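Data file: run.txt. Format and content: compact mmCIF, C-alpha atoms and all ligand atoms.
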# COMPACT_ATOMS: atom_id res chain seq x y z
CA MET A 1133 1.35 -20.80 14.69
CA HIS A 1134 3.47 -19.38 11.82
CA ASN A 1135 5.11 -22.66 10.86
CA GLU A 1136 3.28 -25.40 12.73
CA ALA A 1137 -0.36 -24.83 11.78
CA THR A 1138 -1.53 -26.47 8.56
CA ILE A 1139 -2.05 -24.03 5.70
CA SER A 1140 -5.60 -25.30 5.19
CA GLY A 1141 -6.42 -24.73 8.87
CA LEU A 1142 -4.88 -21.26 8.91
CA ALA A 1143 -6.59 -20.21 5.70
CA ALA A 1144 -9.96 -21.49 6.93
CA LEU A 1145 -9.61 -19.66 10.25
CA ALA A 1146 -8.54 -16.42 8.54
CA ASP A 1147 -11.41 -16.74 6.07
CA MET A 1148 -13.80 -17.14 8.99
CA VAL A 1149 -12.44 -13.93 10.56
CA LYS A 1150 -12.79 -12.11 7.23
CA ARG A 1151 -16.35 -13.39 6.77
CA SER A 1152 -17.33 -12.36 10.29
CA ARG A 1153 -16.42 -8.80 9.25
CA PHE A 1154 -17.40 -8.54 5.63
CA GLY A 1155 -19.33 -11.68 4.72
CA ASN A 1156 -18.94 -12.67 1.10
CA HIS A 1157 -17.75 -9.21 0.00
CA VAL A 1158 -14.33 -8.31 -1.42
CA PHE A 1159 -13.34 -4.68 -2.00
CA PHE A 1160 -11.56 -2.99 -4.88
CA ASN A 1161 -11.17 0.58 -6.07
CA GLU A 1162 -10.61 2.40 -9.33
CA ASN A 1163 -7.25 4.03 -8.95
CA LEU A 1164 -4.12 5.06 -10.81
CA HIS A 1165 -0.51 4.82 -9.72
CA VAL A 1166 1.68 7.74 -10.73
CA ASN A 1167 5.27 7.80 -9.48
CA THR A 1168 6.58 11.29 -8.88
CA THR A 1169 10.28 10.51 -9.35
CA ASN A 1170 12.58 7.51 -9.40
CA ILE A 1171 15.55 9.60 -8.26
CA CYS A 1172 16.47 8.61 -4.73
CA THR A 1173 19.19 9.55 -2.30
CA LEU A 1174 18.97 6.09 -0.70
CA ALA A 1175 19.73 2.72 -2.25
CA CYS A 1176 17.68 0.09 -0.42
CA ARG A 1177 18.96 -3.33 -1.41
CA PHE A 1178 15.50 -4.71 -2.27
CA CYS A 1179 14.62 -1.77 -4.51
CA ALA A 1180 14.68 -2.13 -8.30
CA PHE A 1181 12.92 1.18 -8.88
CA ARG A 1182 15.34 3.89 -7.73
CA ARG A 1183 17.90 5.55 -9.99
CA GLY A 1184 20.75 7.92 -9.30
CA SER A 1185 20.11 11.48 -10.48
CA ARG A 1186 22.54 11.12 -13.41
CA HIS A 1187 21.21 7.77 -14.60
CA HIS A 1188 19.83 7.87 -18.14
CA GLU A 1189 16.50 6.46 -16.88
CA ALA A 1190 16.16 8.97 -14.02
CA TYR A 1191 13.04 11.15 -14.12
CA ALA A 1192 11.21 13.68 -11.97
CA LEU A 1193 7.72 14.70 -13.08
CA THR A 1194 6.69 18.33 -13.12
CA PRO A 1195 3.19 19.07 -11.76
CA LYS A 1196 2.06 19.54 -15.36
CA GLU A 1197 3.43 16.12 -16.36
CA PHE A 1198 1.87 14.55 -13.27
CA ILE A 1199 -1.53 16.00 -14.15
CA SER A 1200 -1.23 14.85 -17.76
CA ARG A 1201 -0.70 11.28 -16.49
CA ILE A 1202 -4.02 11.47 -14.62
CA GLU A 1203 -5.95 13.12 -17.45
CA PRO A 1204 -6.78 9.97 -19.51
CA PHE A 1205 -8.08 8.17 -16.40
CA SER A 1206 -9.86 11.07 -14.75
CA ASN A 1207 -13.39 9.97 -15.69
CA THR A 1208 -13.06 6.57 -14.06
CA ILE A 1209 -10.67 6.75 -11.11
CA ASP A 1210 -11.40 8.20 -7.72
CA GLU A 1211 -7.89 7.85 -6.27
CA VAL A 1212 -4.35 8.61 -7.39
CA HIS A 1213 -1.63 6.69 -5.56
CA ALA A 1214 1.62 8.64 -5.80
CA VAL A 1215 4.92 7.59 -4.27
CA GLY A 1216 8.50 8.00 -5.40
CA GLY A 1217 12.12 8.27 -4.42
CA LEU A 1218 13.74 10.75 -2.05
CA HIS A 1219 14.54 13.51 -4.49
CA PRO A 1220 17.62 15.47 -3.36
CA GLN A 1221 16.08 18.87 -4.16
CA TRP A 1222 12.36 18.53 -3.40
CA ASN A 1223 10.83 19.77 -0.16
CA VAL A 1224 7.38 19.95 1.43
CA TYR A 1225 6.33 22.94 -0.68
CA ASP A 1226 7.03 21.11 -3.95
CA TYR A 1227 4.52 18.46 -2.91
CA ALA A 1228 2.09 21.00 -1.45
CA ASN A 1229 2.06 22.82 -4.80
CA LEU A 1230 1.60 19.54 -6.65
CA PHE A 1231 -1.34 18.46 -4.48
CA HIS A 1232 -2.89 21.91 -4.76
CA ASP A 1233 -2.69 21.78 -8.57
CA VAL A 1234 -4.08 18.22 -8.71
CA LYS A 1235 -7.04 19.13 -6.48
CA LEU A 1236 -7.75 22.23 -8.53
CA ARG A 1237 -7.89 20.17 -11.71
CA PHE A 1238 -9.50 17.00 -10.28
CA PRO A 1239 -11.39 17.98 -7.11
CA LYS A 1240 -13.08 14.58 -6.79
CA ILE A 1241 -9.92 12.48 -6.99
CA SER A 1242 -8.52 11.43 -3.64
CA ILE A 1243 -4.75 11.88 -3.25
CA LYS A 1244 -2.99 9.00 -1.49
CA SER A 1245 0.64 9.95 -1.45
CA LEU A 1246 3.99 9.96 0.35
CA THR A 1247 5.35 7.09 2.38
CA ALA A 1248 6.65 7.79 5.87
CA VAL A 1249 10.25 8.03 4.68
CA GLU A 1250 9.28 10.54 2.00
CA VAL A 1251 7.51 12.62 4.67
CA LYS A 1252 10.63 12.47 6.85
CA HIS A 1253 12.88 13.42 3.91
CA ILE A 1254 10.90 16.44 2.74
CA ALA A 1255 10.29 17.66 6.31
CA LYS A 1256 14.03 17.57 6.95
CA ARG A 1257 14.74 19.37 3.69
CA SER A 1258 12.22 22.05 4.69
CA GLY A 1259 13.59 22.44 8.23
CA ILE A 1260 10.27 21.56 9.87
CA SER A 1261 8.90 18.66 11.92
CA THR A 1262 7.17 15.73 10.24
CA LYS A 1263 3.90 16.73 11.91
CA GLU A 1264 4.14 20.26 10.59
CA ALA A 1265 4.92 18.84 7.14
CA LEU A 1266 1.84 16.63 7.30
CA ARG A 1267 -0.29 19.60 8.35
CA ILE A 1268 0.88 21.63 5.33
CA LEU A 1269 0.30 18.68 2.99
CA LEU A 1270 -3.18 18.08 4.43
CA ASP A 1271 -4.07 21.73 3.86
CA SER A 1272 -2.85 21.40 0.27
CA GLY A 1273 -5.07 18.47 -0.63
CA LEU A 1274 -3.41 15.29 0.65
CA ASP A 1275 -6.13 12.80 1.65
CA SER A 1276 -4.28 9.72 2.91
CA LEU A 1277 -0.86 8.09 3.17
CA PRO A 1278 0.04 4.74 1.64
CA GLY A 1279 1.77 2.26 3.91
CA GLY A 1280 4.94 1.68 1.92
CA GLY A 1281 8.35 1.67 3.54
CA ALA A 1282 7.47 -0.33 6.64
CA GLU A 1283 9.50 -3.27 5.26
CA ILE A 1284 10.16 -5.12 8.54
CA LEU A 1285 9.89 -2.98 11.67
CA VAL A 1286 13.02 -4.42 13.28
CA ASP A 1287 15.99 -2.08 13.01
CA SER A 1288 18.62 -4.81 12.70
CA VAL A 1289 16.78 -6.08 9.61
CA ARG A 1290 16.33 -2.55 8.24
CA ASN A 1291 20.02 -1.97 8.67
CA ARG A 1292 20.70 -4.90 6.33
CA ILE A 1293 18.09 -4.24 3.67
CA CYS A 1294 17.45 -0.48 3.71
CA ARG A 1295 20.18 1.28 5.65
CA GLY A 1296 19.47 5.00 6.04
CA LYS A 1297 15.72 4.64 5.90
CA GLU A 1298 13.61 5.82 8.84
CA LEU A 1299 13.84 3.74 12.02
CA SER A 1300 10.95 1.47 12.99
CA ARG A 1301 9.80 3.89 15.68
CA GLU A 1302 9.93 6.78 13.18
CA TYR A 1303 7.70 4.89 10.71
CA LEU A 1304 5.18 4.30 13.48
CA ALA A 1305 5.46 7.85 14.84
CA ILE A 1306 4.83 9.45 11.42
CA HIS A 1307 1.75 7.28 10.89
CA GLY A 1308 0.63 8.15 14.44
CA GLU A 1309 1.01 11.86 13.66
CA ALA A 1310 -0.99 11.46 10.46
CA HIS A 1311 -3.76 9.72 12.42
CA GLU A 1312 -3.78 12.54 14.99
CA LEU A 1313 -4.33 15.01 12.15
CA GLY A 1314 -7.18 12.90 10.78
CA ILE A 1315 -5.21 11.54 7.82
CA PRO A 1316 -5.95 7.81 7.39
CA THR A 1317 -3.05 5.59 6.36
CA ASN A 1318 -2.28 2.06 5.28
CA CYS A 1319 0.53 -0.08 6.63
CA THR A 1320 2.60 -2.74 4.89
CA MET A 1321 5.06 -5.58 5.45
CA LEU A 1322 7.73 -6.60 2.95
CA PHE A 1323 8.60 -10.19 3.79
CA GLY A 1324 10.94 -12.81 2.36
CA THR A 1325 14.17 -10.84 2.51
CA VAL A 1326 16.42 -11.65 5.46
CA GLU A 1327 13.94 -11.48 8.35
CA THR A 1328 13.07 -14.35 10.69
CA VAL A 1329 9.58 -15.50 11.61
CA LYS A 1330 10.08 -13.78 14.97
CA ASP A 1331 10.82 -10.50 13.15
CA ARG A 1332 7.54 -10.82 11.25
CA MET A 1333 5.64 -11.35 14.49
CA THR A 1334 7.38 -8.33 16.06
CA HIS A 1335 6.32 -6.30 13.03
CA LEU A 1336 2.66 -7.34 13.34
CA ASP A 1337 2.72 -6.70 17.10
CA LEU A 1338 4.09 -3.17 16.61
CA LEU A 1339 1.41 -2.32 14.05
CA ARG A 1340 -1.25 -3.68 16.34
CA GLU A 1341 0.06 -1.59 19.26
CA GLN A 1342 0.22 1.54 17.09
CA GLN A 1343 -3.34 0.97 15.94
CA ASP A 1344 -4.47 0.70 19.56
CA LYS A 1345 -2.85 4.10 20.18
CA SER A 1346 -3.78 6.09 17.09
CA GLY A 1347 -6.45 4.06 15.29
CA GLY A 1348 -5.99 5.39 11.75
CA PHE A 1349 -4.72 2.37 9.83
CA LEU A 1350 -7.31 1.40 7.22
CA CYS A 1351 -5.66 -1.53 5.55
CA PHE A 1352 -2.66 -3.81 6.04
CA VAL A 1353 -0.83 -4.79 2.86
CA PRO A 1354 1.61 -7.71 3.23
CA TYR A 1355 3.71 -8.47 0.14
CA PRO A 1356 6.68 -10.69 -0.63
CA PHE A 1357 10.04 -9.51 -1.91
CA LEU A 1358 10.49 -9.69 -5.71
CA PRO A 1359 14.16 -10.14 -6.59
CA ASP A 1360 14.73 -8.97 -10.19
CA ARG A 1361 17.33 -6.19 -10.52
CA THR A 1362 17.77 -5.98 -6.73
CA ARG A 1363 20.88 -6.46 -4.62
CA LEU A 1364 19.79 -8.99 -2.07
CA PRO A 1365 21.13 -12.41 -3.10
CA GLU A 1366 20.73 -13.85 0.40
CA ALA A 1367 16.95 -13.24 0.39
CA THR A 1368 14.89 -16.30 1.31
CA LEU A 1369 12.08 -15.74 -1.28
CA PRO A 1370 8.83 -17.12 0.13
CA SER A 1371 6.90 -19.85 -1.64
CA SER A 1372 3.27 -19.35 -2.70
CA GLU A 1373 2.20 -21.36 0.32
CA GLU A 1374 4.19 -19.11 2.64
CA ILE A 1375 2.66 -15.99 1.08
CA ILE A 1376 -0.85 -17.27 1.80
CA ARG A 1377 0.30 -18.31 5.27
CA VAL A 1378 1.51 -14.76 6.02
CA ILE A 1379 -1.71 -13.18 4.71
CA ALA A 1380 -3.83 -15.56 6.80
CA ILE A 1381 -1.77 -14.95 9.96
CA SER A 1382 -1.99 -11.20 9.39
CA ARG A 1383 -5.77 -11.36 9.28
CA ILE A 1384 -5.89 -13.40 12.46
CA MET A 1385 -3.39 -11.26 14.39
CA LEU A 1386 -4.37 -7.76 13.31
CA ASP A 1387 -7.82 -7.79 14.83
CA ASN A 1388 -7.87 -3.99 15.17
CA ILE A 1389 -6.99 -3.14 11.54
CA PRO A 1390 -10.14 -3.31 9.42
CA HIS A 1391 -8.82 -4.49 6.06
CA VAL A 1392 -6.14 -6.83 4.70
CA LYS A 1393 -5.16 -6.49 1.06
CA ALA A 1394 -4.16 -9.11 -1.48
CA TYR A 1395 -1.84 -6.87 -3.49
CA ARG A 1396 -2.27 -8.35 -6.94
CA MET A 1397 0.43 -6.14 -8.51
CA ASN A 1398 2.91 -8.08 -6.41
CA ILE A 1399 1.49 -11.58 -5.89
CA GLY A 1400 -0.36 -11.92 -9.21
CA ASP A 1401 -3.99 -12.63 -9.98
CA ASP A 1402 -3.92 -16.40 -9.29
CA LEU A 1403 -2.48 -16.05 -5.81
CA ALA A 1404 -4.66 -13.00 -5.13
CA THR A 1405 -7.79 -15.10 -5.73
CA ILE A 1406 -6.52 -17.65 -3.19
CA ALA A 1407 -5.65 -14.83 -0.78
CA ILE A 1408 -9.21 -13.46 -0.85
CA LYS A 1409 -10.37 -16.90 0.28
CA SER A 1410 -7.69 -16.94 3.02
CA GLY A 1411 -8.30 -13.78 5.04
CA ALA A 1412 -7.80 -10.88 2.63
CA ASP A 1413 -10.90 -8.78 1.92
CA ASP A 1414 -9.43 -6.33 -0.62
CA ILE A 1415 -7.93 -7.08 -4.02
CA ASP A 1416 -6.50 -3.61 -4.68
CA GLY A 1417 -7.54 -1.53 -7.66
CA THR A 1418 -7.42 -1.09 -11.38
CA VAL A 1419 -3.96 0.59 -10.95
CA GLY A 1420 -3.54 1.64 -14.61
CA HIS A 1421 0.23 1.92 -14.40
CA GLU A 1422 2.76 0.41 -12.00
CA GLU A 1423 6.54 0.66 -11.86
CA ILE A 1424 7.84 -0.40 -8.46
CA MET A 1425 6.79 -4.07 -8.57
CA HIS A 1426 7.24 -4.38 -12.33
CA GLU A 1427 10.84 -3.18 -12.14
CA ALA A 1428 11.40 -6.00 -9.63
CA GLY A 1429 9.87 -8.70 -11.83
CA SER A 1430 6.08 -8.49 -11.59
CA LYS A 1431 4.31 -9.43 -14.84
CA VAL A 1432 0.81 -8.60 -13.61
CA ARG A 1433 -1.38 -6.77 -16.11
CA THR A 1434 -2.10 -3.14 -15.28
CA ASP A 1435 -4.86 -2.58 -17.85
CA TYR A 1436 -7.75 -4.17 -15.96
CA ASN A 1437 -10.97 -2.19 -15.75
CA ARG A 1438 -13.56 -2.56 -13.02
CA ASP A 1439 -15.36 -5.34 -14.89
CA ASP A 1440 -12.15 -7.38 -15.02
CA ILE A 1441 -11.57 -6.94 -11.29
CA ALA A 1442 -15.19 -7.79 -10.48
CA ARG A 1443 -14.90 -10.95 -12.58
CA LEU A 1444 -11.73 -11.89 -10.72
CA VAL A 1445 -13.57 -11.57 -7.40
CA GLU A 1446 -16.63 -13.43 -8.71
CA SER A 1447 -14.41 -16.29 -9.88
CA THR A 1448 -13.95 -17.10 -6.18
CA GLY A 1449 -17.69 -17.21 -5.52
CA GLN A 1450 -17.65 -13.85 -3.74
CA ILE A 1451 -19.19 -10.43 -4.39
CA ALA A 1452 -17.11 -7.49 -5.65
CA VAL A 1453 -17.60 -4.20 -3.82
CA LYS A 1454 -16.27 -0.99 -5.31
CA ARG A 1455 -15.01 1.32 -2.61
CA ASN A 1456 -13.53 4.77 -2.22
CA THR A 1457 -10.16 5.34 -0.51
CA ASP A 1458 -11.38 5.15 3.08
CA TYR A 1459 -14.15 2.57 2.51
CA THR A 1460 -16.87 5.07 3.45
CA ASN A 1461 -18.60 4.76 0.07
CA THR A 1462 -19.21 1.18 -1.06
CA VAL A 1463 -21.35 -0.30 -3.83
CA VAL A 1464 -21.76 -3.87 -4.99
CA TYR A 1465 -20.38 -3.94 -8.50
CA ARG A 1466 -21.40 -6.58 -11.05
CA PRO A 1467 -19.49 -6.87 -14.33
CA ASN A 1468 -21.10 -4.80 -17.10
CA GLY A 1469 -21.83 -1.91 -14.83
CA HIS A 1470 -24.63 -3.14 -12.59
CA ILE A 1471 -24.31 -1.56 -9.18
CA HIS A 1472 -26.33 -1.21 -6.06
CA ARG A 1473 -25.50 0.68 -2.93
CA LEU A 1474 -24.49 -1.51 -0.06
CA ALA A 1475 -25.12 -1.38 3.66
CA LEU A 1476 -22.21 -3.57 4.63
CA PRO A 1477 -21.86 -5.48 7.84
CA ILE A 1478 -18.47 -3.78 8.10
CA ALA A 1479 -16.53 -4.07 11.30
CA GLU A 1480 -15.74 -0.78 12.96
CA GLN A 1481 -12.75 1.05 11.51
CA GLY A 1482 -9.79 1.07 13.82
S1 LIG A 1501 12.71 1.79 -1.49
FE1 LIG A 1501 12.24 3.99 -1.63
S2 LIG A 1501 13.75 4.93 -0.27
FE2 LIG A 1501 14.52 2.87 -0.76
S3 LIG A 1501 15.83 3.17 -2.57
FE3 LIG A 1501 13.79 2.61 -3.32
S4 LIG A 1501 12.82 4.56 -3.73
FE4 LIG A 1501 14.57 4.99 -2.38
Would you mind giving the structure from this file in structure tokens?
Amino acid sequence: MHNEATISGLAALADMVKRSRFGNHVFFNENLHVNTTNICTLACRFCAFRRGSRHHEAYALTPKEFISRIEPFSNTIDEVHAVGGLHPQWNVYDYANLFHDVKLRFPKISIKSLTAVEVKHIAKRSGISTKEALRILLDSGLDSLPGGGAEILVDSVRNRICRGKELSREYLAIHGEAHELGIPTNCTMLFGTVETVKDRMTHLDLLREQQDKSGGFLCFVPYPFLPDRTRLPEATLPSSEEIIRVIAISRIMLDNIPHVKAYRMNIGDDLATIAIKSGADDIDGTVGHEEIMHEAGSKVRTDYNRDDIARLVESTGQIAVKRNTDYTNTVVYRPNGHIHRLALPIAEQG
């Protein structure tokens, strides 16, 4: 199916699957990305974001600095998305204190933070299990985990593009532990590096199996590799057609994961509007600030407000729906602030 099916046929089938779940609705949220630190003990070859601790551009935000980043957006956003590098000194309690302070200051803002490899890193630095780390973080205010760091869940590929990162089974196990504790998570796929089509299918199969076991994945976010300032010259770099193909196949294959995202920070607004007609039902959020994709070459604007996003969705003939982090609160949003609460024909989560 990956290569043989026509793109028009695949996109139409994926769109049918999406419509059977969500009709003409496309989700977005009002969120802000804040990166905690770009200092990282690893050096994944696809990563343009990380810096060594002595690099002149290295930074590590204090809780006060983190909170001051949120402050200007605090009246509009309902989610902060916070990921970063593997800081050589930080442990679970640094993040627990940060989340506690953020919740104290902004009790209504949902904290989506820490990829699986960050959880593994800070648990190890604290001498506790990843599950215990997640429990402490949950008690401190963590609401959900993003899906970053899945890359391709085939260890031979990981060994080439992100040696030292958690193994495929560790990524899945940490997400499974989060689900057991009631922490919803997203999952991702970074494609277009050195993986084969078979590797991509293995990746989707593993996510599907994990979802059958633990059921807490909310959204799958497939995104292509962006090459600027990275160290992966042999990467295959997918075409626009291939990106839409992967998104459509993801929607068709991942029948037990409720949402598929067109990550506009990575693929851009034009391709994102095609993606939401080809299986994706979510166009991400207002974002406010973004470093990871922009360091790697993204030129996508980060200053969109909810009207801009709603207009983007409406340009495809669909209806924009503003959501919270876990899609439990949804309202149809029309540009210029017209909203009405929505009883969606949403497929069951997980
Ligand atoms: S992808 Fe994450 S773990 Fe890998 S080098 Fe970049 S910041 Fe570090």
Query - Distance of CA of Cys1319 (chain A) from CA of Pro1220 (chain A), expressed in Å to one decimal place - result: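 Interatomic distance, CA of Pro1220 (chain A) to CA of Cys1319 (chain A): 25.2 Å.
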Query raised in the report: Which residues, written as a list in words, have at least one atom at most 7 Å from region 1225-1233 of chain A, with only C-alpha atoms counted and residues fewer than 6 positions away on the same chain left out?
Result: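 Contacts, in chain order: Pro1195, Ile1268, Leu1269, Ser1272, Gly1273 and Leu1274 of chain A.
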Within 7 Å of ligand LIG 1501 (chain A), which residues of chain A show up? Give each one with its shortest atom-to-atom distance in Å (one decimal) and the two atoms involved, counting only C-alpha atoms and all ligand atoms, rows by chain then rising residue number, as a tab-separated table.
residue	atom	partner	partner_atom	distance
A:Asn1170	CA	A:LIG1501	S4	6.4
A:Cys1172	CA	A:LIG1501	FE4	4.7
A:Thr1173	CA	A:LIG1501	FE4	6.5
A:Leu1174	CA	A:LIG1501	S3	4.7
A:Ala1175	CA	A:LIG1501	S3	3.9
A:Cys1176	CA	A:LIG1501	S3	4.2
A:Cys1179	CA	A:LIG1501	FE3	4.6
A:Ala1180	CA	A:LIG1501	FE3	6.9
A:Phe1181	CA	A:LIG1501	FE3	5.8
A:Arg1182	CA	A:LIG1501	S4	4.8
A:Gly1216	CA	A:LIG1501	S4	5.8
A:Gly1217	CA	A:LIG1501	S4	3.8
A:Leu1218	CA	A:LIG1501	FE4	5.8
A:Val1249	CA	A:LIG1501	S2	6.8
A:Gly1281	CA	A:LIG1501	S1	6.7
A:Cys1294	CA	A:LIG1501	FE2	6.3
A:Lys1297	CA	A:LIG1501	S2	6.5
Requested in this report: May I ask for the distance between CA of Gln1450 (chain A) and CA of Arg1383 (chain A), given in Å to one decimal place?
Outcome: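 Pair CA of Gln1450 (chain A) / CA of Arg1383 (chain A) returns 17.8 Å.
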Around region 1236-1249 of chain A, with edges along x, y and z and 3 Å added on all six sides, what centre and edge lengths do you get, in Å to one decimal, as JSON?
{"center_x": -1.4, "center_y": 14.7, "center_z": -2.9, "size_x": 29.3, "size_y": 21.1, "size_z": 23.6}
For Arg1340 (chain A), find every residue with an atom within 10 Å (counting all atoms listed in the file), except residues of its own chain fewer than 5 positions away, and show them as a PDB file with C-alpha atoms, keeping the file's coordinate frame.
ATOM      1  CA  THR A1334       7.380  -8.330  16.060  1.00  0.00           C
ATOM      2  CA  HIS A1335       6.320  -6.300  13.030  1.00  0.00           C
ATOM      3  CA  LYS A1345      -2.850   4.100  20.180  1.00  0.00           C
ATOM      4  CA  GLY A1347      -6.450   4.060  15.290  1.00  0.00           C
ATOM      5  CA  PHE A1349      -4.720   2.370   9.830  1.00  0.00           C
ATOM      6  CA  MET A1385      -3.390 -11.260  14.390  1.00  0.00           C
ATOM      7  CA  LEU A1386      -4.370  -7.760  13.310  1.00  0.00           C
ATOM      8  CA  ASP A1387      -7.820  -7.790  14.830  1.00  0.00           C
ATOM      9  CA  ASN A1388      -7.870  -3.990  15.170  1.00  0.00           C
ATOM     10  CA  ILE A1389      -6.990  -3.140  11.540  1.00  0.00           C
TER      11      ILE A1389
END
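Here CA of Leu1142 (chain A) and CA of Ile1381 (chain A) stand 7.1 Å from one another.
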Per residue of region 1299-1360 of chain A within 12 Å of region 1135-1139 of chain A, what are the shortest atom pair and its distance in Å to one decimal, counting all atoms listed in the file, with rows by chain and residue number, as a tab-separated table?
residue	atom	partner	partner_atom	distance
A:Thr1328	CA	A:Asn1135	CA	11.5
A:Val1329	CA	A:Asn1135	CA	8.5
A:Lys1330	CA	A:Asn1135	CA	11.0
A:Met1333	CA	A:Asn1135	CA	11.9
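Each of A:Leu1322, A:Leu1277, A:Ala1255, A:Val1419 was compared to Leu1350 (chain A) using all atoms listed in the file, and A:Leu1277 turns out to be the nearest.
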Requested in this report: Measuring atom to atom with all atoms listed in the file, identify which of A:Gly1348, A:Lys1393, A:Ala1143, A:His1165 is nearest to Ile1315 (chain A).
Outcome: A:Gly1348
